[in-house]
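Enquirer: I'm passing along start.tsv; it holds TSV, C-alpha atoms and all ligand atoms.
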```tsv
chain	number	residue	atom	x	y	z
D	15	MET	CA	130.39	81.82	132.25
D	16	ASP	CA	133.23	81.83	129.73
D	17	ASP	CA	133.54	84.15	126.71
D	18	ARG	CA	131.75	81.65	124.46
D	19	ASP	CA	128.78	81.53	126.83
D	20	LEU	CA	128.60	85.33	126.92
D	21	ALA	CA	128.50	85.37	123.11
D	22	LEU	CA	125.85	82.65	122.90
D	23	TYR	CA	123.66	84.02	125.72
D	24	PRO	CA	124.14	87.78	125.30
D	25	PHE	CA	120.92	88.58	127.22
D	26	ILE	CA	122.35	87.50	130.60
D	27	SER	CA	123.43	90.15	133.11
D	28	GLU	CA	127.10	89.15	132.95
D	29	ALA	CA	127.16	89.58	129.17
D	30	SER	CA	125.64	93.05	129.29
D	31	ALA	CA	128.04	94.04	132.11
D	32	TYR	CA	130.94	92.79	129.97
D	33	VAL	CA	129.75	94.77	126.94
D	34	GLY	CA	129.44	97.83	129.19
D	35	SER	CA	133.02	97.33	130.43
D	36	LEU	CA	134.32	97.42	126.83
D	37	GLY	CA	133.41	101.11	126.79
D	38	PHE	CA	131.97	101.31	123.26
D	39	SER	CA	129.87	104.43	122.80
D	40	LEU	CA	126.62	104.09	120.86
D	41	ASP	CA	128.16	106.22	118.15
D	42	ARG	CA	131.19	103.94	117.85
D	43	LEU	CA	129.04	100.83	117.77
D	44	ILE	CA	127.20	102.27	114.79
D	45	THR	CA	130.06	103.85	112.85
D	46	SER	CA	133.35	102.07	113.64
D	47	ARG	CA	134.68	100.17	110.60
D	48	ALA	CA	136.16	97.62	112.98
D	49	LEU	CA	132.63	96.64	113.98
D	50	ASP	CA	131.26	96.17	110.45
D	51	LEU	CA	130.90	92.41	110.94
D	52	ALA	CA	129.09	92.83	114.27
D	53	ARG	CA	126.59	95.15	112.58
D	54	ILE	CA	126.09	92.76	109.67
D	55	ARG	CA	125.47	89.92	112.10
D	56	GLY	CA	123.14	92.15	114.18
D	57	LYS	CA	121.01	92.87	111.14
D	58	GLU	CA	121.10	89.18	110.25
D	59	ARG	CA	119.74	88.32	113.73
D	60	VAL	CA	116.77	90.63	113.15
D	61	ILE	CA	116.09	89.37	109.62
D	62	GLN	CA	116.42	85.75	110.66
D	63	SER	CA	114.01	86.36	113.53
D	64	LEU	CA	111.40	87.34	110.96
D	65	SER	CA	111.79	83.91	109.39
D	66	GLY	CA	111.34	82.37	112.84
D	67	GLU	CA	114.84	81.06	113.49
D	68	ILE	CA	118.07	82.74	114.51
D	69	ASN	CA	121.00	80.51	113.59
D	70	LYS	CA	123.76	80.52	116.15
D	71	PRO	CA	127.30	80.22	114.75
D	72	PRO	CA	129.30	77.20	116.00
D	73	LEU	CA	131.94	79.37	117.80
D	74	THR	CA	134.14	76.34	118.31
D	75	GLY	CA	137.51	78.11	118.06
D	76	SER	CA	139.10	80.13	120.81
D	77	GLU	CA	139.80	83.29	118.78
D	78	GLU	CA	138.42	86.39	120.38
D	79	GLY	CA	137.23	88.00	117.10
D	80	PRO	CA	134.21	85.78	116.26
D	81	LEU	CA	133.11	85.75	119.91
D	82	LEU	CA	133.18	89.54	120.10
D	83	ILE	CA	131.31	89.87	116.79
D	84	GLU	CA	128.57	87.56	118.04
D	85	LEU	CA	128.38	89.30	121.41
D	86	LEU	CA	128.27	92.84	120.00
D	87	SER	CA	125.79	91.89	117.30
D	88	TYR	CA	123.18	91.56	120.03
D	89	PRO	CA	123.17	95.21	121.21
D	90	PHE	CA	123.22	96.28	117.58
D	91	ALA	CA	120.19	94.10	116.84
D	92	ARG	CA	118.43	95.73	119.82
D	93	ILE	CA	119.20	99.18	118.43
D	94	LEU	CA	117.69	98.20	115.07
D	95	ILE	CA	114.59	96.74	116.71
D	96	SER	CA	114.19	99.90	118.78
D	97	CYS	CA	114.54	102.19	115.76
D	98	VAL	CA	111.85	100.25	113.88
D	99	ASP	CA	109.77	100.14	117.09
D	100	ASP	CA	107.10	97.80	115.78
D	101	PRO	CA	105.33	95.52	118.30
D	102	PHE	CA	105.08	92.66	115.79
D	103	LEU	CA	108.84	92.78	115.13
D	104	THR	CA	109.66	93.08	118.84
D	105	ARG	CA	107.58	90.00	119.64
D	106	ARG	CA	108.98	87.96	116.77
D	107	TYR	CA	112.54	88.94	117.61
D	108	SER	CA	112.21	88.20	121.35
D	109	LEU	CA	110.68	84.82	120.65
D	110	ALA	CA	113.27	83.87	118.03
D	111	GLU	CA	116.16	84.80	120.37
D	112	ALA	CA	114.56	82.73	123.12
D	113	VAL	CA	113.98	79.71	120.86
D	114	ALA	CA	117.59	79.87	119.65
D	115	ALA	CA	118.72	79.91	123.29
D	116	TYR	CA	116.49	76.93	124.11
D	117	THR	CA	118.07	74.89	121.29
D	118	LEU	CA	121.42	75.37	123.02
D	119	LEU	CA	120.13	75.05	126.58
D	120	LYS	CA	118.70	71.59	125.93
D	121	THR	CA	122.25	70.35	125.47
D	122	ARG	CA	123.69	71.96	128.62
D	123	ASP	CA	124.17	70.29	132.01
D	124	THR	CA	122.05	70.94	135.08
D	125	ASP	CA	124.65	73.19	136.75
D	126	PHE	CA	124.71	75.50	133.77
D	127	LEU	CA	120.92	75.66	133.63
D	128	SER	CA	120.76	76.31	137.35
D	129	ASN	CA	123.24	79.21	137.05
D	130	LEU	CA	121.28	80.66	134.17
D	131	GLY	CA	118.07	80.30	136.19
D	132	ASN	CA	119.69	82.31	139.01
D	133	ASP	CA	120.31	85.14	136.57
D	134	PHE	CA	116.54	85.30	136.07
D	135	GLY	CA	115.83	85.04	139.80
D	136	VAL	CA	114.45	81.52	139.39
D	137	VAL	CA	114.99	79.25	142.38
D	138	ALA	CA	115.49	75.68	141.12
D	139	ASN	CA	117.50	72.93	142.78
D	140	PRO	CA	119.11	70.55	140.33
D	141	SER	CA	119.72	66.85	140.76
D	142	ASP	CA	120.86	64.32	138.17
D	143	SER	CA	118.11	64.66	135.59
D	144	HIS	CA	115.49	66.94	137.10
D	145	PHE	CA	114.90	70.19	138.93
D	146	ASP	CA	112.78	71.09	141.93
D	147	ILE	CA	111.50	74.55	141.13
D	148	ASN	CA	109.69	76.84	143.51
D	149	PHE	CA	106.01	76.75	142.56
D	150	THR	CA	105.64	80.55	142.29
D	151	ASP	CA	108.50	80.66	139.76
D	152	TYR	CA	106.91	77.71	138.01
D	153	ILE	CA	103.54	79.44	137.69
D	154	LYS	CA	105.16	82.66	136.49
D	155	LEU	CA	107.08	80.91	133.71
D	156	ALA	CA	104.55	78.26	132.72
D	157	SER	CA	101.49	80.55	132.64
D	158	SER	CA	101.89	81.30	128.93
D	159	MET	CA	102.28	77.62	127.93
D	160	LYS	CA	99.26	76.24	126.13
D	161	ASP	CA	99.86	72.50	126.60
D	162	LEU	CA	97.86	71.04	129.49
D	163	LYS	CA	100.92	69.26	130.85
D	164	TRP	CA	102.16	72.65	132.11
D	165	LYS	CA	99.08	73.30	134.26
D	166	LEU	CA	99.97	73.20	137.94
D	167	VAL	CA	97.14	70.74	138.64
D	168	ASN	CA	98.90	68.26	136.39
D	169	ARG	CA	102.13	68.54	138.38
D	170	LYS	CA	103.24	66.99	141.63
D	171	LEU	CA	103.78	69.57	144.35
D	172	ASP	CA	106.23	68.70	147.13
D	173	HIS	CA	107.02	71.19	149.95
D	174	GLY	CA	106.23	74.12	147.65
D	175	ASN	CA	108.35	72.77	144.80
D	176	VAL	CA	107.39	71.37	141.42
D	177	ARG	CA	109.56	68.56	140.05
D	178	ILE	CA	110.37	68.96	136.35
D	179	LYS	CA	112.72	67.29	133.89
D	180	LYS	CA	115.92	69.01	132.75
D	181	GLU	CA	114.54	69.70	129.29
D	182	GLU	CA	111.37	71.16	130.78
D	183	PHE	CA	113.46	73.54	132.86
D	184	ALA	CA	115.29	74.59	129.69
D	185	ARG	CA	111.90	75.24	128.10
D	186	LEU	CA	110.83	77.40	131.06
D	187	LEU	CA	114.08	79.33	130.74
D	188	GLN	CA	113.18	79.97	127.11
D	189	GLU	CA	110.10	81.73	128.38
D	190	ALA	CA	112.18	83.73	130.89
D	191	VAL	CA	114.54	84.80	128.10
D	192	ARG	CA	111.65	85.79	125.82
D	193	ALA	CA	110.03	87.89	128.55
D	194	ARG	CA	113.32	89.59	129.49
D	195	ILE	CA	114.11	90.57	125.90
D	196	GLN	CA	110.56	91.63	125.04
D	197	ASP	CA	110.08	93.64	128.25
D	198	SER	CA	113.37	95.50	127.72
D	199	LEU	CA	112.48	96.68	124.21
D	200	PRO	CA	112.42	99.26	122.76
D	201	ILE	CA	115.48	100.93	124.23
D	202	GLU	CA	115.88	104.67	123.87
D	203	VAL	CA	117.89	105.40	120.73
D	204	PRO	CA	118.56	109.00	119.64
D	205	GLU	CA	117.03	109.99	116.30
D	206	GLU	CA	120.44	110.65	114.71
D	207	ILE	CA	121.60	107.11	115.56
D	208	CYS	CA	118.50	105.66	113.86
D	209	GLU	CA	119.27	107.84	110.85
D	210	LEU	CA	122.76	106.35	110.66
D	211	CYS	CA	121.15	102.88	110.69
D	212	ALA	CA	118.77	103.76	107.84
D	213	PRO	CA	120.30	101.42	105.21
D	214	HIS	CA	119.85	98.45	107.57
D	215	LEU	CA	116.40	99.58	108.65
D	216	ASP	CA	115.10	99.87	105.08
D	217	GLU	CA	115.84	96.22	104.37
D	218	ILE	CA	114.33	95.10	107.68
D	219	LYS	CA	111.15	97.11	107.07
D	220	VAL	CA	110.60	95.55	103.64
D	221	ILE	CA	110.89	92.03	105.06
D	222	LEU	CA	108.80	93.00	108.10
D	223	ASP	CA	106.01	94.22	105.82
D	224	GLU	CA	106.16	90.97	103.89
D	225	ARG	CA	105.90	88.88	107.04
D	226	LYS	CA	103.01	90.99	108.30
D	227	THR	CA	101.26	90.38	105.00
D	228	GLU	CA	101.75	86.64	105.39
D	229	TYR	CA	100.28	86.95	108.88
D	230	GLY	CA	97.28	88.81	107.52
D	231	ALA	CA	98.06	92.44	108.27
D	232	GLY	CA	97.69	94.65	105.19
D	233	ASP	CA	98.47	98.36	105.47
D	234	PHE	CA	98.65	99.78	101.99
D	235	GLU	CA	97.98	103.41	101.16
D	236	ALA	CA	96.89	104.48	97.65
D	237	VAL	CA	96.25	101.67	95.17
D	238	GLU	CA	98.79	101.62	92.32
D	239	SER	CA	97.38	99.21	89.77
D	240	ASP	CA	100.36	99.51	87.40
D	241	LEU	CA	102.46	97.79	90.08
D	242	PHE	CA	100.21	94.73	90.45
D	243	PRO	CA	101.82	91.30	89.92
D	244	PRO	CA	101.40	89.70	86.46
D	245	CYS	CA	98.82	87.16	87.66
D	246	ILE	CA	96.49	89.86	89.04
D	247	ALA	CA	97.06	92.24	86.12
D	248	HIS	CA	96.18	89.38	83.75
D	249	ALA	CA	93.02	88.53	85.69
D	250	ILE	CA	91.92	92.18	85.65
D	251	ALA	CA	92.58	92.42	81.89
D	252	ASN	CA	90.49	89.28	81.35
D	253	THR	CA	87.67	90.61	83.51
D	254	MET	CA	87.65	93.88	81.59
D	255	ALA	CA	87.52	91.91	78.33
D	256	GLY	CA	84.49	89.97	79.56
D	257	VAL	CA	86.33	86.64	79.97
D	258	ASN	CA	84.86	84.47	82.72
D	259	LEU	CA	87.46	83.80	85.43
D	260	ALA	CA	87.77	80.47	87.24
D	261	HIS	CA	86.28	80.70	90.74
D	262	SER	CA	89.71	80.37	92.41
D	263	MET	CA	91.15	83.21	90.30
D	264	ARG	CA	88.13	85.39	90.95
D	265	PHE	CA	88.64	84.83	94.65
D	266	ALA	CA	92.41	85.51	94.40
D	267	MET	CA	91.88	88.73	92.47
D	268	THR	CA	89.07	90.01	94.71
D	269	SER	CA	90.88	89.28	97.98
D	270	PHE	CA	94.05	90.87	96.57
D	271	LEU	CA	92.23	94.04	95.51
D	272	LEU	CA	90.45	94.34	98.85
D	273	THR	CA	93.70	93.90	100.76
D	274	VAL	CA	95.52	96.60	98.78
D	275	GLY	CA	92.71	99.03	99.58
D	276	MET	CA	90.11	98.94	96.80
D	277	THR	CA	86.54	99.35	97.96
D	278	VAL	CA	83.73	96.87	97.32
D	279	ASP	CA	82.07	99.37	94.91
D	280	GLU	CA	85.28	99.88	92.94
D	281	ILE	CA	85.62	96.13	92.46
D	282	ILE	CA	81.95	95.77	91.51
D	283	ASN	CA	82.46	98.40	88.83
D	284	MET	CA	85.36	96.41	87.48
D	285	PHE	CA	83.19	93.30	87.10
D	286	ASN	CA	80.29	95.31	85.70
D	287	ILE	CA	80.91	94.95	81.98
D	288	SER	CA	78.23	92.56	80.69
D	289	PRO	CA	74.53	93.36	80.15
D	290	ASP	CA	73.44	90.40	82.31
D	291	PHE	CA	75.72	91.49	85.20
D	292	ASP	CA	74.09	90.64	88.54
D	293	VAL	CA	75.18	93.48	90.82
D	294	GLU	CA	73.57	92.12	93.99
D	295	LYS	CA	75.08	88.66	93.64
D	296	THR	CA	78.52	90.16	92.91
D	297	ARG	CA	78.22	92.54	95.86
D	298	TYR	CA	77.28	89.66	98.14
D	299	GLN	CA	80.32	87.62	96.99
D	300	ILE	CA	82.77	90.52	97.36
D	301	GLU	CA	81.40	91.57	100.74
D	302	HIS	CA	81.66	87.98	101.89
D	303	ILE	CA	85.37	87.90	100.96
D	304	SER	CA	85.88	91.31	102.60
D	305	GLY	CA	84.72	89.92	105.93
D	306	SER	CA	80.98	90.65	106.19
D	307	SER	CA	80.43	87.13	107.54
D	308	GLY	CA	83.06	87.61	110.25
D	309	THR	CA	85.88	85.87	108.36
D	310	THR	CA	88.31	88.01	106.42
D	311	TYR	CA	89.91	86.05	103.60
D	312	LYS	CA	93.54	86.54	102.73
D	313	PRO	CA	94.74	86.38	99.13
D	314	PRO	CA	96.41	83.06	98.32
D	315	SER	CA	100.18	82.62	98.23
D	316	CYS	CA	102.12	82.00	95.00
D	317	ASP	CA	102.28	78.28	95.78
D	318	THR	CA	98.49	78.09	96.01
D	319	MET	CA	98.14	80.18	92.85
D	320	LYS	CA	100.42	77.73	91.06
D	321	THR	CA	98.48	74.72	92.37
D	322	TYR	CA	95.26	76.11	90.85
D	323	GLY	CA	96.94	77.16	87.60
D	324	ASN	CA	96.47	80.86	88.40
D	325	CYS	CA	100.12	81.91	88.29
D	326	TYR	CA	100.44	83.69	84.96
D	327	GLY	CA	103.33	85.68	83.46
D	328	GLU	CA	105.89	85.02	86.19
D	329	ASP	CA	108.75	87.54	85.86
D	330	GLU	CA	112.14	88.10	87.52
D	331	LEU	CA	110.67	89.67	90.65
D	332	CYS	CA	108.33	86.69	91.04
D	333	LYS	CA	111.38	84.51	91.63
D	334	ARG	CA	112.20	86.49	94.78
D	335	ILE	CA	108.77	86.54	96.46
D	336	ARG	CA	106.30	84.00	97.81
D	337	HIS	CA	103.12	86.02	97.82
D	338	PRO	CA	101.47	88.29	95.21
D	339	LEU	CA	101.06	90.97	97.88
D	340	ASN	CA	104.80	90.93	98.43
D	341	TYR	CA	105.35	91.46	94.70
D	342	TYR	CA	103.22	94.59	95.03
D	343	ARG	CA	104.98	95.73	98.21
D	344	ARG	CA	108.38	95.43	96.60
D	345	LYS	CA	107.25	97.30	93.51
D	346	LEU	CA	105.90	100.10	95.72
D	347	TRP	CA	109.20	100.19	97.55
D	348	PHE	CA	111.26	100.30	94.34
D	349	LYS	CA	109.03	103.10	93.07
D	350	SER	CA	109.44	105.16	96.25
D	351	LYS	CA	113.23	104.71	96.03
D	352	ASP	CA	113.20	105.83	92.37
D	353	GLU	CA	111.18	108.90	93.31
D	354	GLU	CA	113.60	109.77	96.12
D	355	LYS	CA	116.49	109.46	93.66
D	356	VAL	CA	114.79	111.73	91.12
D	357	GLN	CA	114.12	114.29	93.87
D	358	ASP	CA	117.76	114.16	94.99
D	359	GLU	CA	118.96	114.57	91.41
D	360	GLY	CA	116.53	117.46	91.02
D	361	LYS	CA	118.00	119.14	94.09
D	362	SER	CA	121.57	118.75	92.74
D	363	VAL	CA	120.49	120.20	89.37
D	364	ASP	CA	118.81	123.13	91.19
D	365	LYS	CA	121.96	123.75	93.22
D	366	GLY	CA	124.08	123.56	90.03
D	367	GLU	CA	121.82	126.06	88.27
D	368	VAL	CA	121.94	128.43	91.24
D	369	ALA	CA	125.73	128.18	91.37
D	370	ALA	CA	125.98	128.76	87.58
D	371	SER	CA	123.67	131.78	87.69
D	372	GLU	CA	125.59	133.22	90.64
D	373	GLN	CA	128.79	133.01	88.61
D	374	LYS	CA	127.23	134.99	85.69
T	401	LIG	S1	104.82	84.04	91.04
T	401	LIG	FE1	103.25	84.77	92.41
T	401	LIG	S2	103.10	86.97	92.00
T	401	LIG	FE2	104.21	86.07	90.29
T	401	LIG	S3	102.65	85.70	88.77
T	401	LIG	FE3	102.89	83.80	89.94
T	401	LIG	S4	101.38	83.93	91.58
T	401	LIG	FE4	101.59	85.97	90.70
```
The structure given in the file should be rewritten as structure tokens.
Ligand code: SF4
Expert:
Amino acid sequence: MDDRDLALYPFISEASAYVGSLGFSLDRLITSRALDLARIRGKERVIQSLSGEINKPPLTGSEEGPLLIELLSYPFARILISCVDDPFLTRRYSLAEAVAAYTLLKTRDTDFLSNLGNDFGVVANPSDSHFDINFTDYIKLASSMKDLKWKLVNRKLDHGNVRIKKEEFARLLQEAVRARIQDSLPIEVPEEICELCAPHLDEIKVILDERKTEYGAGDFEAVESDLFPPCIAHAIANTMAGVNLAHSMRFAMTSFLLTVGMTVDEIINMFNISPDFDVEKTRYQIEHISGSSGTTYKPPSCDTMKTYGNCYGEDELCKRIRHPLNYYRRKLWFKSKDEEKVQDEGKSVDKGEVAASEQK
């Protein structure tokens, strides 16, 4: 493998041995100014993985700098993943690294793929356009594939080997890469190193929370209604004023409020403003949305809200999010940062007052 290969496939044994031989301490990897770009790229790897795709740089030149940045960004990304230590992030990251590798592997020749396979202990003999892979390796790598074509019964077995096309072998290697990365995370990172990474981790955690929301995992604490997005605040104001909401907006508001942690009774009370209010019917509808029938409904995205004419009062923050829940998450985050700042300023004022009184 040449230097470019080590940078593009940093999960192989040779790449990690090379990084080890450079003698960078963990501390230096995190703090050295010379490695700023490697850290930026490492964080970018993690953030891109949350969008599903890690873009590999072209690395066409022969200068050592870009290759080293790309190579060292990988251990930094692993440190960040380990500090966050969230199974969802670890899975997403491992898969995204593996998919990025597969995109490159599809274009490589059989000798390269065979060498890479050896690194994973996979016995596969290449010929012009196919591989004969030992059936036990085949089963191990193909077991997680959903498509029926990967089932062993749908493959021809010859003297203990399964014949597969070059691209199929690359796809199996993707699975080997994913498993290697996922199984090796988290690594042990001292607390003080994670603290030094805090600015990077904050940004990753915000995006991670947003992605989890989009995948249906809500984990809010206290409900802060003053931070609700304009569309939901408007719907609540209308409800309180006795205006009848369109069914789609009623659904959007109810599912939003349930996801951020309001109880069924709290929402019923919100709707309970008119004399002919039917509490049982409303309870049934809210409980249905909350999952009593076995299906938990997620609040709709901004695109869906716009399609149904339910996006109201879009503001600056709306331009940076794709889901009303993410508007709320970001507002919560901004608020917590403001509170931290006020506390820090309070501490400095306290210290100043103490110093002034000591001088008296
Ligand atoms: S952009 Fe999204 S969050 Fe903002 S008002 Fe429209 S639907 Fe609500």
Enquirer: To one decimal place, how far is CA of Glu328 in chain D from CA of Ala266 in chain D in Å?
Expert: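 Computed distance, CA of Glu328 in chain D to CA of Ala266 in chain D, equals 15.8 Å.
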Enquirer: Kindly provide the residues of chain D that approach ligand LIG 401 (chain T) to within 10 Å, each paired with its closest atom pair and their distance in Å to one decimal, based on all atoms listed in the file, listed by chain and increasing number, as CSV.
Expert:
```
residue,atom,partner,partner_atom,distance
D:Phe242,CA,T:LIG401,S2,8.4
D:Pro243,CA,T:LIG401,S2,5.0
D:Pro244,CA,T:LIG401,S3,4.8
D:Cys245,CA,T:LIG401,S3,4.2
D:Ile246,CA,T:LIG401,FE4,6.6
D:Ala247,CA,T:LIG401,FE4,9.0
D:His248,CA,T:LIG401,S3,9.0
D:Ala266,CA,T:LIG401,S4,9.5
D:Pro314,CA,T:LIG401,S4,8.4
D:Ser315,CA,T:LIG401,S4,6.9
D:Cys316,CA,T:LIG401,FE1,4.0
D:Asp317,CA,T:LIG401,S4,7.1
D:Thr318,CA,T:LIG401,S4,7.9
D:Met319,CA,T:LIG401,S4,5.1
D:Lys320,CA,T:LIG401,S4,6.3
D:Thr321,CA,T:LIG401,S4,9.7
D:Tyr322,CA,T:LIG401,S4,10.0
D:Gly323,CA,T:LIG401,S4,9.0
D:Asn324,CA,T:LIG401,S4,6.6
D:Cys325,CA,T:LIG401,FE3,3.7
D:Tyr326,CA,T:LIG401,S3,4.8
D:Gly327,CA,T:LIG401,S3,5.4
D:Glu328,CA,T:LIG401,S3,4.2
D:Asp329,CA,T:LIG401,FE2,6.5
D:Glu330,CA,T:LIG401,FE2,8.6
D:Leu331,CA,T:LIG401,FE2,7.4
D:Cys332,CA,T:LIG401,FE2,4.2
D:Lys333,CA,T:LIG401,S1,6.6
D:Arg334,CA,T:LIG401,S1,8.6
D:Ile335,CA,T:LIG401,FE1,7.1
D:Arg336,CA,T:LIG401,FE1,6.2
D:His337,CA,T:LIG401,FE1,5.6
D:Pro338,CA,T:LIG401,S2,3.8
D:Leu339,CA,T:LIG401,S2,7.4
D:Asn340,CA,T:LIG401,S2,7.7
D:Tyr341,CA,T:LIG401,S2,5.7
D:Tyr342,CA,T:LIG401,S2,8.2
```
Enquirer: Using C-alpha atoms, can you write the selected residues to a file as a PDB file, in the frame of the given file?
Expert:
```pdb
ATOM      1  CA  PHE D 242     100.210  94.730  90.450  1.00  0.00           C
ATOM      2  CA  PRO D 243     101.820  91.300  89.920  1.00  0.00           C
ATOM      3  CA  PRO D 244     101.400  89.700  86.460  1.00  0.00           C
ATOM      4  CA  CYS D 245      98.820  87.160  87.660  1.00  0.00           C
ATOM      5  CA  ILE D 246      96.490  89.860  89.040  1.00  0.00           C
ATOM      6  CA  ALA D 247      97.060  92.240  86.120  1.00  0.00           C
ATOM      7  CA  HIS D 248      96.180  89.380  83.750  1.00  0.00           C
ATOM      8  CA  ALA D 266      92.410  85.510  94.400  1.00  0.00           C
ATOM      9  CA  PRO D 314      96.410  83.060  98.320  1.00  0.00           C
ATOM     10  CA  SER D 315     100.180  82.620  98.230  1.00  0.00           C
ATOM     11  CA  CYS D 316     102.120  82.000  95.000  1.00  0.00           C
ATOM     12  CA  ASP D 317     102.280  78.280  95.780  1.00  0.00           C
ATOM     13  CA  THR D 318      98.490  78.090  96.010  1.00  0.00           C
ATOM     14  CA  MET D 319      98.140  80.180  92.850  1.00  0.00           C
ATOM     15  CA  LYS D 320     100.420  77.730  91.060  1.00  0.00           C
ATOM     16  CA  THR D 321      98.480  74.720  92.370  1.00  0.00           C
ATOM     17  CA  TYR D 322      95.260  76.110  90.850  1.00  0.00           C
ATOM     18  CA  GLY D 323      96.940  77.160  87.600  1.00  0.00           C
ATOM     19  CA  ASN D 324      96.470  80.860  88.400  1.00  0.00           C
ATOM     20  CA  CYS D 325     100.120  81.910  88.290  1.00  0.00           C
ATOM     21  CA  TYR D 326     100.440  83.690  84.960  1.00  0.00           C
ATOM     22  CA  GLY D 327     103.330  85.680  83.460  1.00  0.00           C
ATOM     23  CA  GLU D 328     105.890  85.020  86.190  1.00  0.00           C
ATOM     24  CA  ASP D 329     108.750  87.540  85.860  1.00  0.00           C
ATOM     25  CA  GLU D 330     112.140  88.100  87.520  1.00  0.00           C
ATOM     26  CA  LEU D 331     110.670  89.670  90.650  1.00  0.00           C
ATOM     27  CA  CYS D 332     108.330  86.690  91.040  1.00  0.00           C
ATOM     28  CA  LYS D 333     111.380  84.510  91.630  1.00  0.00           C
ATOM     29  CA  ARG D 334     112.200  86.490  94.780  1.00  0.00           C
ATOM     30  CA  ILE D 335     108.770  86.540  96.460  1.00  0.00           C
ATOM     31  CA  ARG D 336     106.300  84.000  97.810  1.00  0.00           C
ATOM     32  CA  HIS D 337     103.120  86.020  97.820  1.00  0.00           C
ATOM     33  CA  PRO D 338     101.470  88.290  95.210  1.00  0.00           C
ATOM     34  CA  LEU D 339     101.060  90.970  97.880  1.00  0.00           C
ATOM     35  CA  ASN D 340     104.800  90.930  98.430  1.00  0.00           C
ATOM     36  CA  TYR D 341     105.350  91.460  94.700  1.00  0.00           C
ATOM     37  CA  TYR D 342     103.220  94.590  95.030  1.00  0.00           C
TER      38      TYR D 342
END
```
Enquirer: At what distance in Å, to one decimal, does CA of Ser304 in chain D lie from CA of Ser269 in chain D?
Expert: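 According to the coordinates, CA of Ser269 in chain D and CA of Ser304 in chain D are separated by 7.1 Å.
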Enquirer: Which one of D:Val33, D:Ala114, D:Leu109, D:Leu85 sits closest to Arg194 in chain D if you count only C-alpha atoms?
Expert: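 Residue with the minimum atom-to-atom distance to Arg194 in chain D: D:Leu109.
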Enquirer: For Leu346 in chain D, list every protein, DNA or RNA residue within 12 Å, evaluated using only C-alpha atoms, and leave out those in the same chain fewer than 4 positions away; present the list as a list in words.
Expert: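 Result of the neighbour search: Val220, Asp223, Phe234, Glu235, Ala236, Val237, Glu238, Ser239, Asp240, Leu241, Phe242, Pro243, Val274, Leu339, Asn340, Tyr341, Tyr342, Ser350, Lys351, Asp352 and Glu353 of chain D.
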Enquirer: Kindly export the residues of the current selection with C-alpha atoms, as an mmCIF file, in the coordinates of the input.
Expert:
```
data_model
loop_
_atom_site.group_PDB
_atom_site.id
_atom_site.type_symbol
_atom_site.label_atom_id
_atom_site.label_comp_id
_atom_site.auth_asym_id
_atom_site.auth_seq_id
_atom_site.Cartn_x
_atom_site.Cartn_y
_atom_site.Cartn_z
ATOM 1 C CA VAL D 220 110.600 95.550 103.640
ATOM 2 C CA ASP D 223 106.010 94.220 105.820
ATOM 3 C CA PHE D 234 98.650 99.780 101.990
ATOM 4 C CA GLU D 235 97.980 103.410 101.160
ATOM 5 C CA ALA D 236 96.890 104.480 97.650
ATOM 6 C CA VAL D 237 96.250 101.670 95.170
ATOM 7 C CA GLU D 238 98.790 101.620 92.320
ATOM 8 C CA SER D 239 97.380 99.210 89.770
ATOM 9 C CA ASP D 240 100.360 99.510 87.400
ATOM 10 C CA LEU D 241 102.460 97.790 90.080
ATOM 11 C CA PHE D 242 100.210 94.730 90.450
ATOM 12 C CA PRO D 243 101.820 91.300 89.920
ATOM 13 C CA VAL D 274 95.520 96.600 98.780
ATOM 14 C CA LEU D 339 101.060 90.970 97.880
ATOM 15 C CA ASN D 340 104.800 90.930 98.430
ATOM 16 C CA TYR D 341 105.350 91.460 94.700
ATOM 17 C CA TYR D 342 103.220 94.590 95.030
ATOM 18 C CA SER D 350 109.440 105.160 96.250
ATOM 19 C CA LYS D 351 113.230 104.710 96.030
ATOM 20 C CA ASP D 352 113.200 105.830 92.370
ATOM 21 C CA GLU D 353 111.180 108.900 93.310
#
```
Enquirer: Can you find the residues with an atom no farther than 12 Å from (122.7, 71.1, 139.8), counting only C-alpha atoms, and report them as an NGL selection string?
Expert: :D and (122-132 or 137-147 or 180 or 183)
Enquirer: Looking at D:Leu215, D:Arg105, D:Glu67, D:Thr268, which one is nearest to Pro313 in chain D, with distances taken over all atoms listed in the file?
Expert: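 Among the listed residues, D:Thr268 lies closest to Pro313 in chain D.
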Enquirer: Take every atom of range 238-252 of chain D listed in the file, pad by 8 Å on each side, and give me the axis-aligned box centre and edge lengths in Å, one decimal, as JSON.
Expert:
```
{"center_x": 96.5, "center_y": 94.4, "center_z": 86.8, "size_x": 28.0, "size_y": 30.5, "size_z": 27.0}
```
Enquirer: Could you tell me how far CA of Phe149 in chain D lies from CA of Leu118 in chain D, in Å and to one decimal?
Expert: 24.9 Å
Enquirer: Taking all atoms listed in the file into account, produce a table as a tab-separated table in which each residue of range 173-206 of chain D with an atom at most 12 Å from an atom of range 152-157 of chain D appears once, together with its shortest atom pair and the distance in Å to one decimal, ordered by chain and rising number.
Expert:
```
residue	atom	partner	partner_atom	distance
D:Gly174	CA	D:Tyr152	CA	10.3
D:Asn175	CA	D:Tyr152	CA	8.5
D:Val176	CA	D:Tyr152	CA	7.2
D:Arg177	CA	D:Tyr152	CA	9.7
D:Ile178	CA	D:Tyr152	CA	9.6
D:Glu182	CA	D:Ala156	CA	10.0
D:Phe183	CA	D:Tyr152	CA	9.3
D:Ala184	CA	D:Leu155	CA	11.1
D:Arg185	CA	D:Ala156	CA	9.2
D:Leu186	CA	D:Leu155	CA	5.8
D:Leu187	CA	D:Leu155	CA	7.8
D:Gln188	CA	D:Leu155	CA	9.0
D:Glu189	CA	D:Leu155	CA	6.2
D:Ala190	CA	D:Leu155	CA	6.5
D:Val191	CA	D:Leu155	CA	10.1
D:Arg192	CA	D:Leu155	CA	10.3
D:Ala193	CA	D:Leu155	CA	9.2
D:Arg194	CA	D:Leu155	CA	11.5
```
